[in-house]
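Asker: So here's input-v4.pdb (PDB, C-alpha atoms, pLDDT in the B column).
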```
ATOM      1  CA  MET L  22      -7.006  12.760 -22.340  1.00 61.00           C
ATOM      2  CA  GLN L  23     -10.145  14.338 -20.960  1.00 75.00           C
ATOM      3  CA  TYR L  24     -12.299  11.236 -21.150  1.00 76.00           C
ATOM      4  CA  LEU L  25     -15.527  13.013 -20.164  1.00 79.00           C
ATOM      5  CA  LYS L  26     -15.230  15.711 -22.832  1.00 84.00           C
ATOM      6  CA  ASN L  27     -13.971  13.220 -25.416  1.00 86.00           C
ATOM      7  CA  PRO L  28     -15.279   9.809 -24.365  1.00 83.00           C
ATOM      8  CA  LEU L  29     -13.438   6.744 -25.542  1.00 89.00           C
ATOM      9  CA  GLY L  30     -14.920   4.896 -28.466  1.00 93.00           C
ATOM     10  CA  ARG L  31     -15.881   1.250 -28.619  1.00 95.00           C
ATOM     11  CA  ASN L  32     -12.589   0.348 -30.334  1.00 96.00           C
ATOM     12  CA  ASP L  33     -10.559   2.016 -27.573  1.00 93.00           C
ATOM     13  CA  LEU L  34     -12.479   0.184 -24.851  1.00 96.00           C
ATOM     14  CA  GLU L  35     -12.148  -3.121 -26.695  1.00 96.00           C
ATOM     15  CA  ARG L  36      -8.406  -2.573 -26.943  1.00 95.00           C
ATOM     16  CA  PHE L  37      -8.129  -1.789 -23.211  1.00 93.00           C
ATOM     17  CA  LEU L  38      -9.966  -4.983 -22.361  1.00 96.00           C
ATOM     18  CA  GLU L  39      -7.729  -6.997 -24.688  1.00 96.00           C
ATOM     19  CA  LEU L  40      -4.585  -5.617 -23.039  1.00 96.00           C
ATOM     20  CA  LEU L  41      -5.655  -5.556 -19.400  1.00 95.00           C
ATOM     21  CA  PRO L  42      -5.072  -8.651 -17.305  1.00 92.00           C
ATOM     22  CA  GLY L  43      -8.012  -9.874 -15.277  1.00 92.00           C
ATOM     23  CA  GLU L  44     -11.735  -9.840 -15.812  1.00 96.00           C
ATOM     24  CA  PRO L  45     -13.596  -7.193 -17.866  1.00 97.00           C
ATOM     25  CA  ALA L  46     -15.562  -6.086 -14.774  1.00 97.00           C
ATOM     26  CA  GLU L  47     -12.323  -4.778 -13.256  1.00 96.00           C
ATOM     27  CA  LEU L  48     -12.525  -1.824 -15.668  1.00 97.00           C
ATOM     28  CA  VAL L  49     -15.798  -0.742 -14.009  1.00 97.00           C
ATOM     29  CA  ARG L  50     -15.606   1.684 -11.117  1.00 96.00           C
ATOM     30  CA  VAL L  51     -18.097   0.522  -8.492  1.00 96.00           C
ATOM     31  CA  ASP L  52     -18.619   3.756  -6.604  1.00 96.00           C
ATOM     32  CA  GLY L  53     -21.445   5.932  -5.377  1.00 96.00           C
ATOM     33  CA  HIS L  54     -22.479   6.846  -8.923  1.00 95.00           C
ATOM     34  CA  PHE L  55     -22.636   3.155  -9.853  1.00 97.00           C
ATOM     35  CA  LYS L  56     -24.859   2.512  -6.849  1.00 96.00           C
ATOM     36  CA  GLU L  57     -27.035   5.582  -7.542  1.00 97.00           C
ATOM     37  CA  LEU L  58     -27.750   4.134 -10.975  1.00 97.00           C
ATOM     38  CA  GLY L  59     -28.965   0.941  -9.277  1.00 97.00           C
ATOM     39  CA  LEU L  60     -26.493  -1.222 -11.162  1.00 98.00           C
ATOM     40  CA  ASP L  61     -25.266  -4.692 -10.230  1.00 97.00           C
ATOM     41  CA  ILE L  62     -21.654  -5.627 -11.059  1.00 97.00           C
ATOM     42  CA  GLY L  63     -22.865  -9.149 -11.762  1.00 97.00           C
ATOM     43  CA  ASP L  64     -24.464  -7.780 -14.929  1.00 97.00           C
ATOM     44  CA  TYR L  65     -21.083  -6.604 -16.242  1.00 97.00           C
ATOM     45  CA  GLN L  66     -18.929  -9.704 -16.482  1.00 96.00           C
ATOM     46  CA  SER L  67     -18.547  -9.843 -20.265  1.00 98.00           C
ATOM     47  CA  ALA L  68     -16.457  -7.470 -22.353  1.00 97.00           C
ATOM     48  CA  ASP L  69     -19.519  -6.437 -24.391  1.00 98.00           C
ATOM     49  CA  ALA L  70     -21.541  -5.598 -21.287  1.00 98.00           C
ATOM     50  CA  VAL L  71     -18.665  -3.547 -19.824  1.00 98.00           C
ATOM     51  CA  ILE L  72     -18.151  -1.685 -23.095  1.00 98.00           C
ATOM     52  CA  ASP L  73     -21.869  -0.901 -23.428  1.00 97.00           C
ATOM     53  CA  LEU L  74     -21.926   0.383 -19.836  1.00 98.00           C
ATOM     54  CA  LEU L  75     -18.849   2.577 -20.289  1.00 96.00           C
ATOM     55  CA  MET L  76     -20.123   3.966 -23.579  1.00 95.00           C
ATOM     56  CA  GLU L  77     -23.254   5.131 -21.772  1.00 95.00           C
ATOM     57  CA  HIS L  78     -21.576   6.100 -18.468  1.00 95.00           C
ATOM     58  CA  PRO L  79     -17.897   6.974 -19.083  1.00 94.00           C
ATOM     59  CA  LYS L  80     -17.509   8.177 -15.464  1.00 94.00           C
ATOM     60  CA  LEU L  81     -17.708   4.544 -14.400  1.00 96.00           C
ATOM     61  CA  MET L  82     -14.401   3.614 -16.030  1.00 95.00           C
ATOM     62  CA  GLN L  83     -11.719   2.645 -13.552  1.00 93.00           C
ATOM     63  CA  ARG L  84      -8.772   4.956 -14.112  1.00 90.00           C
ATOM     64  CA  PRO L  85      -6.104   5.735 -14.864  1.00 90.00           C
ATOM     65  CA  VAL L  86      -5.381   3.087 -17.444  1.00 90.00           C
ATOM     66  CA  VAL L  87      -1.788   3.058 -18.638  1.00 91.00           C
ATOM     67  CA  VAL L  88      -0.929   1.352 -21.920  1.00 91.00           C
ATOM     68  CA  ARG L  89       2.564   0.493 -23.075  1.00 91.00           C
ATOM     69  CA  GLY L  90       3.005  -1.623 -26.151  1.00 91.00           C
ATOM     70  CA  ASP L  91       0.879  -4.726 -25.882  1.00 92.00           C
ATOM     71  CA  ARG L  92       0.243  -4.434 -22.140  1.00 91.00           C
ATOM     72  CA  ALA L  93      -1.941  -2.253 -19.941  1.00 92.00           C
ATOM     73  CA  VAL L  94      -2.706  -1.797 -16.263  1.00 90.00           C
ATOM     74  CA  ILE L  95      -5.260   0.033 -14.195  1.00 91.00           C
ATOM     75  CA  ALA L  96      -2.838   2.157 -12.201  1.00 87.00           C
ATOM     76  CA  ARG L  97      -4.433   1.729  -8.782  1.00 82.00           C
ATOM     77  CA  PRO L  98      -2.196   1.668  -6.866  1.00 80.00           C
ATOM     78  CA  SER L  99       0.231   3.691  -8.976  1.00 82.00           C
ATOM     79  CA  GLU L 100       3.009   1.176  -8.320  1.00 83.00           C
ATOM     80  CA  LEU L 101       1.365  -1.121 -10.851  1.00 82.00           C
ATOM     81  CA  VAL L 102       2.731   1.132 -13.604  1.00 84.00           C
ATOM     82  CA  GLU L 103       6.256   0.098 -12.602  1.00 84.00           C
ATOM     83  CA  ASP L 104       5.531  -3.374 -13.986  1.00 76.00           C
ATOM     84  CA  LEU L 105       5.049  -1.837 -17.438  1.00 78.00           C
ATOM     85  CA  LEU L 106       8.320   0.059 -17.342  1.00 80.00           C
TER      86      LEU L 106
END
```
Let me see the file written as structure tokens.
Answerer:
Amino acid sequence: MQYLKNPLGRNDLERFLELLPGEPAELVRVDGHFKELGLDIGDYQSADAVIDLLMEHPKLMQRPVVVRGDRAVIARPSELVEDLL
């Protein structure tokens, strides 16, 4: 899916956060763009805050996210996908 041309909706992001292990903030990519925007990861600890951020700035989503059934992983490193298979 080309997530920048067709950004994920709120329901999709909610589902990812339900399926992903770990904290909601792990879905946020803290990179140069994040820093250019002057953001603080401490402000994105709740699922709602992460979803609002990613709705406004889809480039900040950590990717790829792989979903299989009722489980998901952020595939960094790619070996994490093996746990789903």
Asker: Could you tell me how far atom CA of Pro42 of chain L lies from atom CA of Lys26 of chain L, in Å and to one decimal?
Answerer: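 Spanning atom CA of Pro42 of chain L to atom CA of Lys26 of chain L is a straight-line distance of 27.0 Å.
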Asker: I need the output of the PyMOL selection byres ((chain L and resi 87-95) around 9) for this file as a PDB file with C-alpha atoms, keeping the file's coordinate frame; which residues are they?
Answerer:
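As written to disk, selection.pdb reads:
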```pdb
ATOM      1  CA  PHE L  37      -8.129  -1.789 -23.211  1.00 93.00           C
ATOM      2  CA  LEU L  38      -9.966  -4.983 -22.361  1.00 96.00           C
ATOM      3  CA  GLU L  39      -7.729  -6.997 -24.688  1.00 96.00           C
ATOM      4  CA  LEU L  40      -4.585  -5.617 -23.039  1.00 96.00           C
ATOM      5  CA  LEU L  41      -5.655  -5.556 -19.400  1.00 95.00           C
ATOM      6  CA  PRO L  42      -5.072  -8.651 -17.305  1.00 92.00           C
ATOM      7  CA  GLU L  47     -12.323  -4.778 -13.256  1.00 96.00           C
ATOM      8  CA  LEU L  48     -12.525  -1.824 -15.668  1.00 97.00           C
ATOM      9  CA  GLN L  83     -11.719   2.645 -13.552  1.00 93.00           C
ATOM     10  CA  ARG L  84      -8.772   4.956 -14.112  1.00 90.00           C
ATOM     11  CA  PRO L  85      -6.104   5.735 -14.864  1.00 90.00           C
ATOM     12  CA  VAL L  86      -5.381   3.087 -17.444  1.00 90.00           C
ATOM     13  CA  ALA L  96      -2.838   2.157 -12.201  1.00 87.00           C
ATOM     14  CA  ARG L  97      -4.433   1.729  -8.782  1.00 82.00           C
ATOM     15  CA  PRO L  98      -2.196   1.668  -6.866  1.00 80.00           C
ATOM     16  CA  SER L  99       0.231   3.691  -8.976  1.00 82.00           C
ATOM     17  CA  LEU L 101       1.365  -1.121 -10.851  1.00 82.00           C
ATOM     18  CA  VAL L 102       2.731   1.132 -13.604  1.00 84.00           C
ATOM     19  CA  ASP L 104       5.531  -3.374 -13.986  1.00 76.00           C
ATOM     20  CA  LEU L 105       5.049  -1.837 -17.438  1.00 78.00           C
ATOM     21  CA  LEU L 106       8.320   0.059 -17.342  1.00 80.00           C
TER      22      LEU L 106
END
```
Asker: Check the smallest atom-to-atom distance from each of L:Asn32, L:Lys80, L:Gln23, L:Val51 to Gly63 of chain L using all atoms listed in the file, then report the winner.
Answerer: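 Using all atoms listed in the file, the shortest distance to Gly63 of chain L belongs to L:Val51.
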Asker: Select all residues near (-19.8, -9.6, -19.8) (cut-off 12 Å, inclusive, file coordinates), counting only C-alpha atoms, and output them as a PyMOL selection string.
Answerer: chain L and resi 38+44-49+62-74
Asker: Do a neighbour search on Pro79 of chain L at 9 Å with all atoms listed in the file, toss out local chain neighbours closer than 2 positions, and write the hits as a VMD selection string.
Answerer: chain L and resid 24 to 25 28 to 29 74 to 77 81 to 82
Asker: Grab the atom CA of Gly43 of chain L to atom CA of His78 of chain L distance for me, in Å with one decimal place.
Answerer: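 It comes out at 21.2 Å.
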Asker: Enter the distance from atom CA of Glu100 of chain L to atom CA of Asp61 of chain L, in Å, rounded to one decimal.
Answerer: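 It comes out at 28.9 Å.
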Asker: Can you patch up segment 70-98 of chain L, filling it in to N, CA and C atoms, and show the result as a tab-separated table (two decimals), keeping the file's coordinate frame?
Answerer:
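The result, written out as part24.tsv:
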```
chain	number	residue	atom	x	y	z
L	70	ALA	N	-20.72	-6.28	-22.29
L	70	ALA	CA	-21.54	-5.60	-21.29
L	70	ALA	C	-20.78	-4.43	-20.67
L	71	VAL	N	-19.49	-4.63	-20.39
L	71	VAL	CA	-18.66	-3.55	-19.82
L	71	VAL	C	-18.54	-2.40	-20.82
L	72	ILE	N	-18.29	-2.73	-22.07
L	72	ILE	CA	-18.15	-1.68	-23.10
L	72	ILE	C	-19.45	-0.91	-23.24
L	73	ASP	N	-20.58	-1.60	-23.32
L	73	ASP	CA	-21.87	-0.90	-23.43
L	73	ASP	C	-22.09	0.03	-22.24
L	74	LEU	N	-21.77	-0.44	-21.04
L	74	LEU	CA	-21.93	0.38	-19.84
L	74	LEU	C	-21.05	1.63	-19.91
L	75	LEU	N	-19.78	1.45	-20.28
L	75	LEU	CA	-18.85	2.58	-20.29
L	75	LEU	C	-19.11	3.54	-21.44
L	76	MET	N	-19.72	3.06	-22.50
L	76	MET	CA	-20.12	3.97	-23.58
L	76	MET	C	-21.24	4.88	-23.10
L	77	GLU	N	-22.14	4.34	-22.29
L	77	GLU	CA	-23.25	5.13	-21.77
L	77	GLU	C	-22.86	5.97	-20.56
L	78	HIS	N	-21.97	5.43	-19.71
L	78	HIS	CA	-21.58	6.10	-18.47
L	78	HIS	C	-20.05	6.11	-18.35
L	79	PRO	N	-19.37	6.98	-19.10
L	79	PRO	CA	-17.90	6.97	-19.08
L	79	PRO	C	-17.29	7.25	-17.70
L	80	LYS	N	-18.03	7.92	-16.82
L	80	LYS	CA	-17.51	8.18	-15.46
L	80	LYS	C	-17.24	6.89	-14.69
L	81	LEU	N	-17.85	5.80	-15.13
L	81	LEU	CA	-17.71	4.54	-14.40
L	81	LEU	C	-16.47	3.75	-14.80
L	82	MET	N	-15.62	4.32	-15.66
L	82	MET	CA	-14.40	3.61	-16.03
L	82	MET	C	-13.36	3.76	-14.93
L	83	GLN	N	-12.82	2.65	-14.52
L	83	GLN	CA	-11.72	2.64	-13.55
L	83	GLN	C	-10.53	3.34	-14.22
L	84	ARG	N	-9.87	4.20	-13.53
L	84	ARG	CA	-8.77	4.96	-14.11
L	84	ARG	C	-7.74	5.30	-13.07
L	85	PRO	N	-6.57	5.64	-13.48
L	85	PRO	CA	-6.10	5.74	-14.86
L	85	PRO	C	-5.73	4.37	-15.42
L	86	VAL	N	-5.85	4.27	-16.73
L	86	VAL	CA	-5.38	3.09	-17.44
L	86	VAL	C	-4.12	3.51	-18.18
L	87	VAL	N	-3.06	2.76	-17.99
L	87	VAL	CA	-1.79	3.06	-18.64
L	87	VAL	C	-1.50	1.93	-19.62
L	88	VAL	N	-1.22	2.31	-20.87
L	88	VAL	CA	-0.93	1.35	-21.92
L	88	VAL	C	0.51	1.57	-22.38
L	89	ARG	N	1.21	0.45	-22.52
L	89	ARG	CA	2.56	0.49	-23.08
L	89	ARG	C	2.74	-0.74	-23.94
L	90	GLY	N	2.86	-0.51	-25.23
L	90	GLY	CA	3.00	-1.62	-26.15
L	90	GLY	C	1.77	-2.50	-26.14
L	91	ASP	N	1.99	-3.78	-25.87
L	91	ASP	CA	0.88	-4.73	-25.88
L	91	ASP	C	0.42	-5.11	-24.48
L	92	ARG	N	0.66	-4.20	-23.53
L	92	ARG	CA	0.24	-4.43	-22.14
L	92	ARG	C	-0.42	-3.18	-21.58
L	93	ALA	N	-1.27	-3.38	-20.60
L	93	ALA	CA	-1.94	-2.25	-19.94
L	93	ALA	C	-2.21	-2.62	-18.49
L	94	VAL	N	-2.33	-1.60	-17.66
L	94	VAL	CA	-2.71	-1.80	-16.26
L	94	VAL	C	-3.65	-0.68	-15.84
L	95	ILE	N	-4.50	-1.00	-14.89
L	95	ILE	CA	-5.26	0.03	-14.20
L	95	ILE	C	-4.34	0.45	-13.06
L	96	ALA	N	-3.90	1.68	-13.09
L	96	ALA	CA	-2.84	2.16	-12.20
L	96	ALA	C	-3.35	2.53	-10.82
L	97	ARG	N	-3.99	1.58	-10.16
L	97	ARG	CA	-4.43	1.73	-8.78
L	97	ARG	C	-4.02	0.48	-8.05
L	98	PRO	N	-3.03	0.53	-7.24
L	98	PRO	CA	-2.20	1.67	-6.87
L	98	PRO	C	-1.21	2.01	-7.99
```
